[in-house]
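Note: the block below is final-v4.tsv and it holds TSV, C-alpha atoms and all ligand atoms.
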chain	number	residue	atom	x	y	z
A	1	MET	CA	-14.54	11.91	8.20
A	2	VAL	CA	-11.98	14.12	9.95
A	3	ALA	CA	-9.02	14.87	7.67
A	4	ALA	CA	-5.70	13.65	9.07
A	5	GLU	CA	-2.51	15.62	8.59
A	6	GLY	CA	-1.20	14.95	5.13
A	7	ASP	CA	-4.56	13.77	3.77
A	8	PRO	CA	-4.91	15.06	0.24
A	9	ILE	CA	-7.10	18.11	-0.12
A	10	PRO	CA	-9.79	17.59	-2.76
A	11	ASN	CA	-8.28	17.40	-6.26
A	12	THR	CA	-4.78	16.83	-4.91
A	13	PRO	CA	-3.15	14.32	-7.24
A	14	GLU	CA	-2.79	10.83	-5.84
A	15	LEU	CA	0.57	9.11	-5.39
A	16	ILE	CA	0.70	5.54	-6.67
A	17	VAL	CA	3.77	3.59	-5.57
A	18	ALA	CA	4.37	0.16	-7.07
A	19	GLY	CA	7.29	-2.23	-6.74
A	20	ASN	CA	9.13	-4.71	-4.59
A	21	ALA	CA	9.08	-5.15	-0.84
A	22	SER	CA	11.29	-7.61	0.96
A	23	VAL	CA	12.62	-8.54	4.36
A	24	ASP	CA	16.20	-7.65	5.22
A	25	LEU	CA	18.17	-9.46	7.90
A	26	LEU	CA	21.16	-7.36	8.96
A	27	LEU	CA	24.03	-9.28	10.57
A	28	GLY	CA	27.48	-8.07	11.55
A	29	PRO	CA	30.14	-6.93	11.90
A	30	LEU	CA	31.64	-9.88	10.10
A	31	THR	CA	35.38	-10.31	9.71
A	32	PRO	CA	37.10	-12.19	8.23
A	33	TRP	CA	34.85	-13.88	5.68
A	34	PRO	CA	33.96	-17.30	7.21
A	35	ARG	CA	35.56	-20.46	5.91
A	36	PRO	CA	32.93	-22.80	4.37
A	37	GLY	CA	31.73	-25.34	6.91
A	38	THR	CA	32.45	-23.16	9.97
A	39	GLU	CA	30.26	-21.01	12.24
A	40	VAL	CA	30.89	-17.41	13.32
A	41	LEU	CA	29.09	-15.29	15.91
A	42	VAL	CA	28.31	-11.62	15.23
A	43	GLU	CA	27.27	-8.94	17.72
A	44	ASP	CA	24.42	-7.25	15.89
A	45	ALA	CA	21.29	-8.64	14.27
A	46	ALA	CA	18.15	-6.80	13.12
A	47	TRP	CA	15.14	-7.39	10.86
A	48	ARG	CA	14.21	-4.57	8.54
A	49	VAL	CA	11.67	-3.73	5.86
A	50	GLY	CA	13.50	-3.63	2.53
A	51	GLY	CA	12.92	-3.23	-1.18
A	52	ALA	CA	12.17	-0.07	-3.14
A	53	LEU	CA	8.45	-0.04	-2.37
A	54	GLY	CA	9.11	-1.00	1.24
A	55	ASN	CA	11.51	1.89	1.81
A	56	THR	CA	9.44	4.43	-0.13
A	57	ALA	CA	6.26	3.43	1.71
A	58	LEU	CA	8.00	3.78	5.08
A	59	ALA	CA	9.29	7.20	4.05
A	60	LEU	CA	5.88	8.41	2.85
A	61	ALA	CA	4.27	7.19	6.08
A	62	GLY	CA	6.98	9.01	8.04
A	63	LEU	CA	6.49	12.16	5.97
A	64	GLY	CA	2.74	11.89	6.63
A	65	VAL	CA	1.71	11.70	2.98
A	66	PRO	CA	-0.81	9.06	1.86
A	67	ALA	CA	-0.18	6.86	-1.16
A	68	ARG	CA	-1.81	4.05	-3.06
A	69	LEU	CA	0.53	1.03	-2.72
A	70	VAL	CA	0.71	-1.75	-5.32
A	71	TRP	CA	2.69	-4.66	-3.95
A	72	ASP	CA	2.74	-8.36	-3.01
A	73	VAL	CA	4.14	-10.52	-0.27
A	74	GLY	CA	4.57	-14.27	0.09
A	75	ASP	CA	2.61	-16.45	2.52
A	76	ASP	CA	5.22	-17.38	5.13
A	77	MET	CA	5.88	-15.95	8.62
A	78	LEU	CA	8.15	-13.19	7.30
A	79	ALA	CA	5.55	-12.13	4.75
A	80	GLY	CA	3.08	-11.65	7.62
A	81	TRP	CA	5.63	-9.54	9.48
A	82	LEU	CA	6.32	-7.43	6.37
A	83	ALA	CA	2.60	-6.78	5.79
A	84	ALA	CA	2.20	-5.78	9.46
A	85	GLU	CA	5.20	-3.41	9.36
A	86	LEU	CA	3.72	-1.55	6.37
A	87	ARG	CA	0.08	-1.67	7.56
A	88	ALA	CA	0.08	1.99	8.51
A	89	ALA	CA	1.72	3.00	5.22
A	90	GLY	CA	-1.18	2.28	2.87
A	91	ASP	CA	-2.85	-0.52	0.94
A	92	ALA	CA	-2.41	-4.10	2.07
A	93	PRO	CA	-0.39	-6.41	-0.18
A	94	ARG	CA	-1.64	-9.29	-2.24
A	95	ARG	CA	-0.51	-12.67	-0.88
A	96	LEU	CA	1.36	-15.00	-3.22
A	97	PRO	CA	2.24	-18.62	-2.47
A	98	GLY	CA	5.78	-19.16	-1.26
A	99	PRO	CA	8.36	-17.44	0.90
A	100	ALA	CA	8.80	-13.66	1.18
A	101	SER	CA	11.67	-12.12	-0.73
A	102	LEU	CA	14.61	-12.11	1.68
A	103	THR	CA	18.03	-10.47	1.82
A	104	ALA	CA	20.73	-11.23	4.37
A	105	ALA	CA	22.94	-8.12	4.58
A	106	LEU	CA	26.30	-8.94	6.12
A	107	ASN	CA	28.01	-5.84	7.47
A	108	HIS	CA	31.79	-5.66	7.46
A	109	PRO	CA	33.75	-3.50	9.92
A	110	ASP	CA	34.88	-1.10	7.13
A	111	GLY	CA	31.24	-0.22	6.35
A	112	GLU	CA	31.06	-2.47	3.26
A	113	ARG	CA	28.11	-4.84	2.98
A	114	THR	CA	27.66	-8.22	1.32
A	115	PHE	CA	24.11	-9.13	0.28
A	116	VAL	CA	22.77	-12.64	-0.14
A	117	SER	CA	19.24	-12.53	-1.57
A	118	HIS	CA	16.40	-14.89	-2.44
A	119	LEU	CA	13.85	-13.49	-4.90
A	120	GLY	CA	11.03	-15.33	-3.06
A	121	HIS	CA	7.54	-14.07	-3.89
A	122	LEU	CA	8.91	-11.48	-6.34
A	123	ALA	CA	9.54	-14.29	-8.85
A	124	LEU	CA	5.77	-14.84	-9.00
A	125	SER	CA	4.57	-11.25	-8.92
A	126	GLU	CA	2.46	-10.29	-11.97
A	127	PRO	CA	1.91	-6.70	-13.11
A	128	ASP	CA	-1.91	-6.99	-13.31
A	129	ALA	CA	-2.52	-5.01	-10.11
A	130	LEU	CA	-0.32	-2.23	-11.50
A	131	ALA	CA	-2.36	-2.26	-14.71
A	132	GLY	CA	-5.54	-1.97	-12.60
A	133	ALA	CA	-4.12	0.96	-10.62
A	134	ILE	CA	-3.20	2.74	-13.86
A	135	ASP	CA	-6.69	2.23	-15.27
A	136	ALA	CA	-8.18	3.70	-12.08
A	137	ALA	CA	-5.79	6.69	-12.00
A	138	ALA	CA	-6.87	10.24	-12.74
A	139	PRO	CA	-4.99	12.74	-14.90
A	140	GLY	CA	-2.35	14.46	-12.80
A	141	ASP	CA	-1.76	11.46	-10.51
A	142	LEU	CA	1.86	10.35	-10.09
A	143	LEU	CA	3.08	6.77	-10.54
A	144	LEU	CA	6.45	5.61	-9.20
A	145	VAL	CA	7.66	2.11	-10.04
A	146	GLY	CA	10.66	1.08	-7.93
A	147	GLY	CA	12.88	-2.00	-8.00
A	148	SER	CA	11.67	-3.19	-11.41
A	149	PHE	CA	14.84	-5.22	-12.05
A	150	LEU	CA	13.78	-7.50	-9.18
A	151	LEU	CA	10.33	-8.08	-10.69
A	152	PRO	CA	10.97	-10.41	-13.64
A	153	ARG	CA	7.29	-10.70	-14.63
A	154	TRP	CA	6.74	-6.92	-14.53
A	155	ARG	CA	9.73	-6.05	-16.69
A	156	PRO	CA	8.43	-7.12	-20.12
A	157	ALA	CA	5.14	-5.26	-19.51
A	158	LEU	CA	6.56	-1.98	-18.22
A	159	ALA	CA	6.91	-0.11	-21.52
A	160	THR	CA	3.25	-0.78	-22.37
A	161	LEU	CA	2.06	0.06	-18.84
A	162	PHE	CA	4.00	3.31	-18.70
A	163	ALA	CA	2.65	4.27	-22.13
A	164	ARG	CA	-0.87	3.58	-20.85
A	165	ALA	CA	-0.27	5.67	-17.73
A	166	ARG	CA	1.08	8.60	-19.72
A	167	ALA	CA	-1.84	8.39	-22.14
A	168	ARG	CA	-4.12	8.89	-19.11
A	169	GLY	CA	-2.17	11.99	-18.08
A	170	VAL	CA	-0.35	10.24	-15.22
A	171	LEU	CA	3.21	11.41	-14.48
A	172	THR	CA	5.47	8.35	-14.68
A	173	LEU	CA	8.60	7.91	-12.53
A	174	LEU	CA	10.99	4.93	-12.65
A	175	ASP	CA	13.80	3.74	-10.38
A	176	THR	CA	14.99	0.33	-11.61
A	177	GLY	CA	17.69	-0.26	-9.01
A	178	TRP	CA	20.87	-2.13	-9.93
A	179	PRO	CA	20.47	-5.24	-12.14
A	180	SER	CA	21.69	-8.17	-10.04
A	181	ALA	CA	22.85	-10.08	-13.14
A	182	GLY	CA	24.72	-7.06	-14.54
A	183	TRP	CA	24.11	-4.94	-17.63
A	184	THR	CA	23.65	-6.72	-20.95
A	185	ASP	CA	22.74	-5.25	-24.33
A	186	ALA	CA	19.34	-6.99	-24.12
A	187	LEU	CA	18.66	-5.34	-20.76
A	188	ARG	CA	19.76	-1.94	-22.06
A	189	GLU	CA	17.43	-2.34	-25.03
A	190	GLU	CA	14.51	-3.40	-22.82
A	191	LEU	CA	15.00	-0.47	-20.45
A	192	SER	CA	15.45	2.00	-23.32
A	193	SER	CA	12.06	1.03	-24.71
A	194	THR	CA	10.49	1.76	-21.31
A	195	LEU	CA	12.34	5.05	-20.90
A	196	THR	CA	10.59	6.49	-23.93
A	197	HIS	CA	7.47	6.51	-21.70
A	198	VAL	CA	9.12	7.76	-18.52
A	199	ASP	CA	8.65	11.34	-17.33
A	200	VAL	CA	11.18	11.17	-14.49
A	201	PHE	CA	14.02	8.61	-14.46
A	202	LEU	CA	15.73	8.21	-11.08
A	203	PRO	CA	19.02	6.30	-11.38
A	204	ASN	CA	22.16	6.75	-9.33
A	205	LEU	CA	25.43	7.49	-11.13
A	206	ASP	CA	26.56	3.83	-11.22
A	207	GLU	CA	23.25	2.74	-12.76
A	208	ALA	CA	23.42	5.54	-15.34
A	209	ARG	CA	26.98	4.53	-16.24
A	210	GLY	CA	25.93	0.87	-16.58
A	211	LEU	CA	22.94	1.68	-18.75
A	212	LEU	CA	24.97	3.94	-21.02
A	213	ALA	CA	27.96	1.54	-21.07
A	214	LEU	CA	30.11	4.55	-20.10
A	215	PRO	CA	31.95	3.43	-16.95
A	216	ASP	CA	33.74	6.77	-16.51
A	217	ALA	CA	30.83	9.08	-17.32
A	218	THR	CA	30.67	12.26	-15.25
A	219	PRO	CA	27.24	13.41	-14.04
A	220	ARG	CA	27.20	15.84	-16.99
A	221	ASP	CA	27.97	13.01	-19.49
A	222	ALA	CA	25.39	10.75	-17.86
A	223	LEU	CA	22.65	13.39	-17.98
A	224	ALA	CA	23.49	14.16	-21.61
A	225	GLY	CA	23.38	10.46	-22.58
A	226	LEU	CA	20.14	9.81	-20.71
A	227	GLY	CA	18.63	12.91	-22.33
A	228	GLN	CA	18.61	10.86	-25.56
A	229	LEU	CA	16.72	7.96	-23.96
A	230	VAL	CA	14.24	9.38	-21.45
A	231	ALA	CA	10.97	10.97	-22.58
A	232	GLY	CA	11.04	13.51	-19.77
A	233	ARG	CA	13.94	14.26	-17.48
A	234	THR	CA	16.52	12.43	-15.36
A	235	VAL	CA	17.29	13.17	-11.75
A	236	LEU	CA	20.67	11.62	-11.04
A	237	LYS	CA	21.35	10.57	-7.45
A	238	LEU	CA	24.92	11.18	-6.29
A	239	GLY	CA	25.04	9.93	-2.69
A	240	ALA	CA	27.04	12.30	-0.47
A	241	ALA	CA	27.24	14.76	-3.39
A	242	GLY	CA	23.44	15.16	-3.53
A	243	ALA	CA	21.65	14.98	-6.89
A	244	ALA	CA	21.92	16.47	-10.38
A	245	GLN	CA	19.52	17.42	-13.15
A	246	ARG	CA	19.71	19.34	-16.41
A	247	ASN	CA	18.15	22.63	-17.21
A	248	GLY	CA	18.85	23.02	-20.92
A	249	GLU	CA	22.61	22.72	-21.30
A	250	GLU	CA	23.17	23.66	-17.67
A	251	VAL	CA	23.75	20.95	-15.01
A	252	LEU	CA	22.15	21.86	-11.70
A	253	ILE	CA	23.57	20.13	-8.62
A	254	ALA	CA	21.58	20.06	-5.41
A	255	PRO	CA	24.39	19.42	-2.90
A	256	ALA	CA	23.84	17.25	0.17
A	257	PRO	CA	24.70	18.80	3.52
A	258	GLU	CA	27.81	17.50	5.26
A	259	LEU	CA	26.69	15.22	8.04
A	260	THR	CA	27.57	12.08	9.90
A	261	VAL	CA	25.79	9.22	8.23
A	262	ALA	CA	24.11	6.71	10.54
A	263	ASP	CA	22.73	4.33	7.90
A	264	THR	CA	22.30	4.87	4.15
A	265	VAL	CA	19.94	1.92	3.59
A	266	GLY	CA	16.96	3.12	1.56
A	267	ALA	CA	18.53	6.55	0.85
A	268	GLY	CA	17.51	6.51	-2.80
A	269	ASP	CA	13.96	5.36	-2.05
A	270	THR	CA	13.55	8.02	0.63
A	271	PHE	CA	14.75	10.59	-1.92
A	272	ASN	CA	12.11	9.29	-4.36
A	273	ALA	CA	9.38	9.59	-1.70
A	274	ALA	CA	10.20	13.23	-0.97
A	275	LEU	CA	10.48	14.06	-4.69
A	276	LEU	CA	7.01	12.56	-5.24
A	277	CYS	CA	5.59	14.79	-2.50
A	278	ALA	CA	7.22	17.88	-4.00
A	279	LEU	CA	5.98	17.12	-7.51
A	280	ARG	CA	2.48	16.35	-6.21
A	281	ASP	CA	2.44	19.79	-4.62
A	282	ALA	CA	3.76	21.50	-7.79
A	283	VAL	CA	7.07	22.57	-6.23
A	284	ALA	CA	9.34	23.92	-9.01
A	285	TRP	CA	12.03	21.49	-10.24
A	286	PRO	CA	15.23	22.86	-8.70
A	287	GLN	CA	13.53	23.27	-5.33
A	288	ALA	CA	11.84	19.84	-5.55
A	289	VAL	CA	15.21	18.11	-6.04
A	290	ALA	CA	16.82	20.21	-3.30
A	291	LEU	CA	14.01	19.19	-0.92
A	292	ALA	CA	14.43	15.51	-1.85
A	293	VAL	CA	18.16	15.75	-1.11
A	294	ALA	CA	17.52	17.53	2.20
A	295	VAL	CA	14.97	14.89	3.30
A	296	ALA	CA	17.11	11.89	2.26
A	297	SER	CA	20.23	13.32	3.87
A	298	SER	CA	18.52	14.10	7.16
A	299	VAL	CA	16.99	10.62	7.22
A	300	VAL	CA	20.29	8.78	6.61
A	301	ALA	CA	21.87	10.83	9.41
A	302	SER	CA	19.15	9.99	11.96
A	303	LYS	CA	19.41	7.18	14.50
A	304	PRO	CA	16.91	5.80	15.28
A	305	ARG	CA	15.54	6.67	11.85
A	306	ARG	CA	13.28	9.72	11.82
A	307	TYR	CA	11.41	11.41	8.99
A	308	PRO	CA	10.46	15.10	8.86
A	309	ARG	CA	6.76	15.88	8.32
A	310	TRP	CA	6.10	16.92	4.73
A	311	SER	CA	3.53	19.51	5.78
A	312	SER	CA	6.10	21.51	7.76
A	313	LEU	CA	8.82	21.18	5.09
A	314	HIS	CA	6.42	22.31	2.40
A	315	ARG	CA	5.21	25.26	4.49
A	316	ARG	CA	8.81	26.33	5.04
A	317	ALA	CA	9.64	25.91	1.33
A	318	ASN	CA	6.63	28.07	0.41
A	319	ALA	CA	7.69	30.72	2.88
A	320	THR	CA	11.14	31.16	1.30
A	401	LIG	N1	26.82	9.92	2.57
A	401	LIG	C1	25.76	10.73	2.42
A	401	LIG	N2	25.76	11.99	2.96
A	401	LIG	C2	24.70	12.80	2.81
A	401	LIG	N3	23.58	12.47	2.12
A	401	LIG	C3	23.52	11.24	1.57
A	401	LIG	C4	24.60	10.31	1.69
A	401	LIG	N4	24.26	9.17	1.03
A	401	LIG	C5	23.01	9.38	0.53
A	401	LIG	N5	22.57	10.62	0.85
A	401	LIG	C6	21.29	11.24	0.48
A	401	LIG	O1	20.45	10.28	-0.13
A	401	LIG	C7	20.17	10.63	-1.49
A	401	LIG	C8	20.07	9.41	-2.36
A	401	LIG	O2	21.18	8.58	-2.09
A	401	LIG	P1	22.02	7.82	-3.23
A	401	LIG	O3	22.53	8.82	-4.19
A	401	LIG	O4	22.99	6.99	-2.51
A	401	LIG	O5	20.87	7.00	-3.94
A	401	LIG	P2	20.88	5.47	-4.39
A	401	LIG	O6	22.26	5.10	-4.82
A	401	LIG	O7	19.76	5.29	-5.33
A	401	LIG	O8	20.56	4.79	-3.00
A	401	LIG	P3	20.04	3.31	-2.71
A	401	LIG	O9	21.29	2.54	-2.50
A	401	LIG	O10	19.23	3.51	-1.49
A	401	LIG	O11	19.24	2.89	-3.92
A	401	LIG	C9	21.28	11.59	-1.88
A	401	LIG	O12	20.87	12.45	-2.93
A	401	LIG	C10	21.52	12.33	-0.56
A	401	LIG	O13	20.50	13.31	-0.36
A	402	MG	MG	18.80	3.51	-5.83
Starting from the coordinates I provided, produce the structure as structure tokens.
Ligand SMILES: Nc1ncnc2c1ncn2[C@@H]1O[C@H](COP(=O)(O)OP(=O)(O)OP(=O)(O)O)[C@@H](O)[C@H]1O
Ligand SMILES: [Mg+2]
Amino acid sequence: MVAAEGDPIPNTPELIVAGNASVDLLLGPLTPWPRPGTEVLVEDAAWRVGGALGNTALALAGLGVPARLVWDVGDDMLAGWLAAELRAAGDAPRRLPGPASLTAALNHPDGERTFVSHLGHLALSEPDALAGAIDAAAPGDLLLVGGSFLLPRWRPALATLFARARARGVLTLLDTGWPSAGWTDALREELSSTLTHVDVFLPNLDEARGLLALPDATPRDALAGLGQLVAGRTVLKLGAAGAAQRNGEEVLIAPAPELTVADTVGAGDTFNAALLCALRDAVAWPQAVALAVAVASSVVASKPRRYPRWSSLHRRANAT
């Protein structure tokens, strides 16, 4: 077999990406909010792959880095479209009965968005395929679970599964996303018990504040608070300000470049994809986070969306 660009060289750790994929319908601009019972016409409409796994898989395919994907779809027309869109990205999904998870994203002229979502197949998704992937993993492999708050049947099993992965020598990474029903003490407790088995936690600042019940926490406060909960480290995503991590008592910020943003959808998941690549290739922490920021920022500024090739980024990083 001829090796394709980005194919792992022998003994390169494998990336395992598990989580939610959904279909997004973007409609807009919408103003004012329609009165119930009326109809409005908007100028733009587009279908897009969505969900944490969906966006990370697209980014990894764009970067040219192979991954093992653990995901499901429904069995309707949109589920078929979703599976076809991600065919080149890695493993095919398992089909579940029922409609694909769907989000209608309504864009407002000021850049705000309103989301109306249906959980669809995600309500039925069981974590058994994730358990199988963990049991087949080799020491040194990396496992990212994304969008776990939208996977109600995965959530209660995650602490045990992450513990199992770590016991096998797998590096565990978690990005929960925002909890659609808000933060409750029960949710905080559940997530805290998972975080004791997480090597790399990947929240944004709002999620960190919600988890810690500290609505005004600065990045420094958030990293200090999460340091008490997470087994390994936290990389805190800060949007236009880049990302932050701790090195002892020091807070290291990897700033994002100033650029004109075209579309921030999937920014965090693209960041996660690039960080996975950097960690797989043993890039040192400060540089790994800086690379993830650089990739995510360049992707959100591109239109149509373009991804840099990981092989050339990594070569350049090694040369500096
Ligand atoms: N306005 C912006 N300007 C420059 N870079 C940006 C901007 N927004 C996002 N990014 C890039 O994307 C990365 C991750 O974005 P963000 O911090 O918004 O994550 P997130 O909140 O988890 O995103 P998501 O909503 O996709 O889950 C940032 O670290 C940065 O590199
Ligand atoms: Mg996010």
Padded axis-aligned box of stretch 228-237 of chain A (6 Å per side), centre and edge lengths, Å, one decimal, as lines of an AutoDock Vina configuration file:
center_x = 16.2
center_y = 11.1
center_z = -16.5
size_x = 22.4
size_y = 18.3
size_z = 30.1
Quiz item: Can you tell me how far atom CA of A:Ala273 sits from atom CA of A:Ala167, in Å to one decimal?
Solution: 23.3 Å
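For the choices A:Thr270, A:Thr218, A:Asn55, A:Ser22, the atom-to-atom distance to A:Gly80 is smallest for A:Ser22 when using only C-alpha atoms.
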Quiz item: In terms of the shortest atom-to-atom distance over all atoms listed in the file, which of A:Ala282, A:Leu151, A:Ala57, A:Ala296 is closest to A:Ala241?
Solution: A:Ala296
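Considering all atoms listed in the file, the residue among A:Glu39, A:Glu249, A:Asp263, A:Asp269 positioned nearest to A:Glu112 is A:Asp263.
If one restricts the calculation to only C-alpha atoms and all ligand atoms, the set of residues situated within 7 Å of ligand MG 402 (chain A) consists of Asp175, Gly177, Pro203, Asn204, Gly268 and Asp269 of chain A.
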If you keep C-alpha atoms, can you produce a file of those selected residues as an mmCIF file, in the coordinates of the input?
data_model
loop_
_atom_site.group_PDB
_atom_site.id
_atom_site.type_symbol
_atom_site.label_atom_id
_atom_site.label_comp_id
_atom_site.auth_asym_id
_atom_site.auth_seq_id
_atom_site.Cartn_x
_atom_site.Cartn_y
_atom_site.Cartn_z
ATOM 1 C CA ASP A 175 13.800 3.740 -10.380
ATOM 2 C CA GLY A 177 17.690 -0.260 -9.010
ATOM 3 C CA PRO A 203 19.020 6.300 -11.380
ATOM 4 C CA ASN A 204 22.160 6.750 -9.330
ATOM 5 C CA GLY A 268 17.510 6.510 -2.800
ATOM 6 C CA ASP A 269 13.960 5.360 -2.050
#
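Between atom CA of A:Val295 and atom CA of A:Leu211 there is a distance of 26.9 Å.
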Exercise. Report the distance between atom O6 of ligand LIG 401 (chain A) and atom CA of A:Ala186 in Å, rounded to one decimal place.
Key: 23.0 Å
Practice problem: Output the neighbourhood of ligand LIG 401 (chain A) as a PyMOL selection string, that is, all protein and nucleic acid residues with some atom at most 6 Å from the ligand, counting all atoms listed in the file. | Solution: chain A and resi 204+237-240+242-243+256+261+264-269+271+293-294+296-297
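With distances taken over all atoms listed in the file, A:Gly28 is the one residue among A:Gly28, A:Gly182, A:Gly54, A:Pro127 lying closest to A:Leu106.
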Exercise. For A:Trp178, list every protein, DNA or RNA residue within 12 Å, evaluated using all atoms listed in the file, and leave out those in the same chain fewer than 5 positions away; present the list as JSON, numbers by chain.
Key: {"A": [51, 52, 146, 147, 148, 149, 150, 183, 187, 202, 203, 204, 205, 206, 207, 208, 209, 210, 211, 268]}
Practice problem: In the coordinates of the file, take the point (-3.2, -1.0, 6.5) and a cut-off of 12 Å; then, counting all atoms listed in the file, name each qualifying protein, DNA or RNA residue as a PyMOL selection string. | Solution: chain A and resi 57+61+66-69+82-93
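Residue nearest A:Ala123 within the list A:Asn20, A:Thr38, A:Gln228, A:Thr196: A:Asn20 [criterion: smallest interatomic distance, all atoms listed in the file].
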